[in-house]
Amino acid sequence: MRVVIAGSSGMIGTSLVASLRGEGHEVLRLVRRTPAAPDERGWDPPAGRLDAGALDGVDAVVNLCGSGVADKRWSDARKQVLRDSRTVPTEVLAAAVVEHGVPTLVNSSAIGFYGDTGDDVVDETRGPGTGFLADLCREWEAATAVAEQAPAVRVVRLRTGLVIGPAGGLFGRIRPLFAFFLGGKLGSGEQYMPWISLDDAISAIRFAVEHDSVSGPVNLTAPSPVTNAEFTRTVGHVLHRPTPWVVPGFALKAVLGEFAEEGVLIGQRAVPKALESNGFHFLHPALGAAVSAAVNG
């Protein structure tokens, strides 16, 4: 297959490019500068422009664009950046796949779509929750509407949880805390953390690209979500570090602002019903194995 990837420079994008090529697929990368390599094609999302021929003969487009929700404190201006970095590229690509007859669009979203779900087990049939992150994900997914309404286009919306890999992402940020004996549960520790190993995340995205039976929302999570307290114990065990600390909610709010309330102190007990019902098999269905793989390479 010929696959175009937008947002190929991040942790997931870099690994996905390598994985697809390892399976024999041709991969082209969309870049927002002058292309400097044979596999690069230029585009300018705010201007709604792609290089001529960028989608010629393409079988699937994978859109991983989006500024990090935890990179900066949320101001009104930052929230607008988070919206625009997701909805604008998605709208451009959704229209482009329809115009150029690309049969598949695999588009990022996030597990925050569901808001705070407490102890409820959540699959893809659950509706959107409330709060900024839930609204952001709903708008993000709605930006695929042009492609979803086209009868010849298959759209997959990836609702991604915490990706556990050797470097990068949220896990890459918190791992050093455990290494320096500063690991501990966050708030009550009762909030669920839907997670997935990097290996499984990449395999699942590739599965979505390769299998026409997969469409609509897909929870990109492992089948065994855990509470923050269990997550903390497991990471501490793998790293051989005690985890006696508790970071109170008020301290998290003081440091992280509004993101603490929506991205840290609440959670989703999300399960990957869509993946499993389509026959996807997880390499790391248990958290301990996923953390060990990330730590030990």
# chains A, B, ... in the order shown; residues from 1 in each chain; ligands from 1
$ residues_around --residues "Leu182 in chain A" --least-positions-apart "4" --cutoff "12 Å" --atoms "only C-alpha atoms" --output "number ranges by chain"
A: 174-178, 186, 232, 235-236, 239, 241-247
$ closest_atom_pairs --of "range 107-225 of chain A" --to "range 25-45 of chain A" --cutoff "12 Å" --atoms "only C-alpha atoms" --output "JSON lines"
{"residue": "A:Arg206", "atom": "CA", "partner": "A:His25", "partner_atom": "CA", "distance": 10.2}
{"residue": "A:Val209", "atom": "CA", "partner": "A:His25", "partner_atom": "CA", "distance": 10.7}
{"residue": "A:Glu210", "atom": "CA", "partner": "A:His25", "partner_atom": "CA", "distance": 10.2}
$ write_last_selection --atoms "all heavy atoms" --output "PDB file, in the first residue's frame"
ATOM      1  N   ARG A 206      -1.592   0.210  12.304  1.00  0.00           N
ATOM      2  CA  ARG A 206      -1.339  -0.516  11.063  1.00  0.00           C
ATOM      3  C   ARG A 206      -2.498  -1.465  10.741  1.00  0.00           C
ATOM      4  O   ARG A 206      -2.910  -1.602   9.580  1.00  0.00           O
ATOM      5  CB  ARG A 206      -0.031  -1.305  11.183  1.00  0.00           C
ATOM      6  CG  ARG A 206       0.570  -1.676   9.827  1.00  0.00           C
ATOM      7  CD  ARG A 206       1.878  -2.416   9.980  1.00  0.00           C
ATOM      8  NE  ARG A 206       1.649  -3.749  10.534  1.00  0.00           N
ATOM      9  CZ  ARG A 206       2.325  -4.267  11.569  1.00  0.00           C
ATOM     10  NH1 ARG A 206       3.264  -3.555  12.162  1.00  0.00           N
ATOM     11  NH2 ARG A 206       2.063  -5.482  11.994  1.00  0.00           N
ATOM     12  N   VAL A 209      -5.240   0.486   9.230  1.00  0.00           N
ATOM     13  CA  VAL A 209      -4.933   0.829   7.842  1.00  0.00           C
ATOM     14  C   VAL A 209      -5.190  -0.355   6.923  1.00  0.00           C
ATOM     15  O   VAL A 209      -5.759  -0.211   5.832  1.00  0.00           O
ATOM     16  CB  VAL A 209      -3.460   1.289   7.719  1.00  0.00           C
ATOM     17  CG1 VAL A 209      -3.031   1.387   6.253  1.00  0.00           C
ATOM     18  CG2 VAL A 209      -3.261   2.641   8.402  1.00  0.00           C
ATOM     19  N   GLU A 210      -4.809  -1.536   7.368  1.00  0.00           N
ATOM     20  CA  GLU A 210      -4.797  -2.715   6.499  1.00  0.00           C
ATOM     21  C   GLU A 210      -6.132  -3.469   6.433  1.00  0.00           C
ATOM     22  O   GLU A 210      -6.346  -4.251   5.514  1.00  0.00           O
ATOM     23  CB  GLU A 210      -3.711  -3.684   6.977  1.00  0.00           C
ATOM     24  CG  GLU A 210      -2.300  -3.116   6.851  1.00  0.00           C
ATOM     25  CD  GLU A 210      -1.254  -3.985   7.536  1.00  0.00           C
ATOM     26  OE1 GLU A 210      -1.638  -4.839   8.388  1.00  0.00           O
ATOM     27  OE2 GLU A 210      -0.064  -3.797   7.234  1.00  0.00           O
TER      28      GLU A 210
END
$ atom_distance --atom1 "CA of Ala152 in chain A" --atom2 "CA of Val271 in chain A"
28.7 Å
$ closest_residue --among "A:Phe132, A:Trp74, A:Trp140, A:Phe113" --to "Pro89 in chain A" --atoms "only C-alpha atoms"
A:Trp140
$ closest_atom_pairs --of "range 63-128 of chain A" --to "range 161-171 of chain A" --cutoff "10 Å" --atoms "only C-alpha atoms" --output "JSON lines"
{"residue": "A:Gly68", "atom": "CA", "partner": "A:Gly169", "partner_atom": "CA", "distance": 9.0}
{"residue": "A:Ala70", "atom": "CA", "partner": "A:Leu170", "partner_atom": "CA", "distance": 8.3}
{"residue": "A:Asp71", "atom": "CA", "partner": "A:Leu170", "partner_atom": "CA", "distance": 9.8}
{"residue": "A:Ser109", "atom": "CA", "partner": "A:Gly161", "partner_atom": "CA", "distance": 9.5}
{"residue": "A:Ala110", "atom": "CA", "partner": "A:Gly161", "partner_atom": "CA", "distance": 6.4}
{"residue": "A:Ile111", "atom": "CA", "partner": "A:Gly161", "partner_atom": "CA", "distance": 5.3}
{"residue": "A:Gly112", "atom": "CA", "partner": "A:Gly161", "partner_atom": "CA", "distance": 8.1}
$ closest_residue --among "A:Ala289, A:Val155, A:Cys137, A:Ala179" --to "Val214 in chain A" --atoms "only C-alpha atoms"
A:Val155
$ atom_distance --atom1 "CA of Leu93 in chain A" --atom2 "CA of Pro272 in chain A"
25.7 Å
$ atom_distance --atom1 "CA of Arg138 in chain A" --atom2 "CA of Asp119 in chain A"
21.8 Å
$ closest_atom_pairs --of "range 170-286 of chain A" --to "range 14-21 of chain A" --cutoff "10 Å" --atoms "only C-alpha atoms" --output "JSON lines"
{"residue": "A:Leu198", "atom": "CA", "partner": "A:Ser15", "partner_atom": "CA", "distance": 8.4}
{"residue": "A:Asp199", "atom": "CA", "partner": "A:Ser15", "partner_atom": "CA", "distance": 8.6}
{"residue": "A:Ala201", "atom": "CA", "partner": "A:Leu16", "partner_atom": "CA", "distance": 9.0}
{"residue": "A:Ile202", "atom": "CA", "partner": "A:Leu16", "partner_atom": "CA", "distance": 5.6}
{"residue": "A:Ser203", "atom": "CA", "partner": "A:Ser19", "partner_atom": "CA", "distance": 7.9}
{"residue": "A:Ile205", "atom": "CA", "partner": "A:Leu16", "partner_atom": "CA", "distance": 7.9}
{"residue": "A:Arg206", "atom": "CA", "partner": "A:Leu20", "partner_atom": "CA", "distance": 6.9}
{"residue": "A:Val209", "atom": "CA", "partner": "A:Leu20", "partner_atom": "CA", "distance": 9.6}
$ residues_around --residues "Asn219 in chain A" --least-positions-apart "4" --cutoff "12 Å" --atoms "only C-alpha atoms" --output "PyMOL selection string"
chain A and resi 108-114+122-126+156-162+194-196+201+204-205+208+214-215+223+225+268-277
$ select_by_dssp --residues "range 35-280 of chain A" --states "alpha helix (DSSP H)" --output "number ranges by chain"
A: 76-99, 132-142, 145-148, 169-179, 198-210, 228-239, 249-256, 258-259, 273-277
$ closest_residue --among "A:Val69, A:Met11, A:Ala260, A:Ile266" --to "Gly118 in chain A" --atoms "only C-alpha atoms"
A:Ile266
$ residues_around --residues "Val88 in chain A" --least-positions-apart "5" --cutoff "12 Å" --atoms "only C-alpha atoms" --output "count of residues only"
23
$ closest_residue --among "A:Gly189, A:Pro128, A:Gly172, A:Gly184" --to "Pro217 in chain A" --atoms "only C-alpha atoms"
A:Pro128
$ closest_residue --among "A:Ala77, A:Leu136, A:Leu265, A:Leu256" --to "Asp116 in chain A" --atoms "only C-alpha atoms"
A:Leu265
$ select_by_dssp --residues "range 98-293 of chain A" --states "strand (DSSP E)" --output "PyMOL selection string"
chain A and resi 104-110+121-122+154-160+162-164+184-186+192-193+195-197+216-220+226-227+245-247+269-270
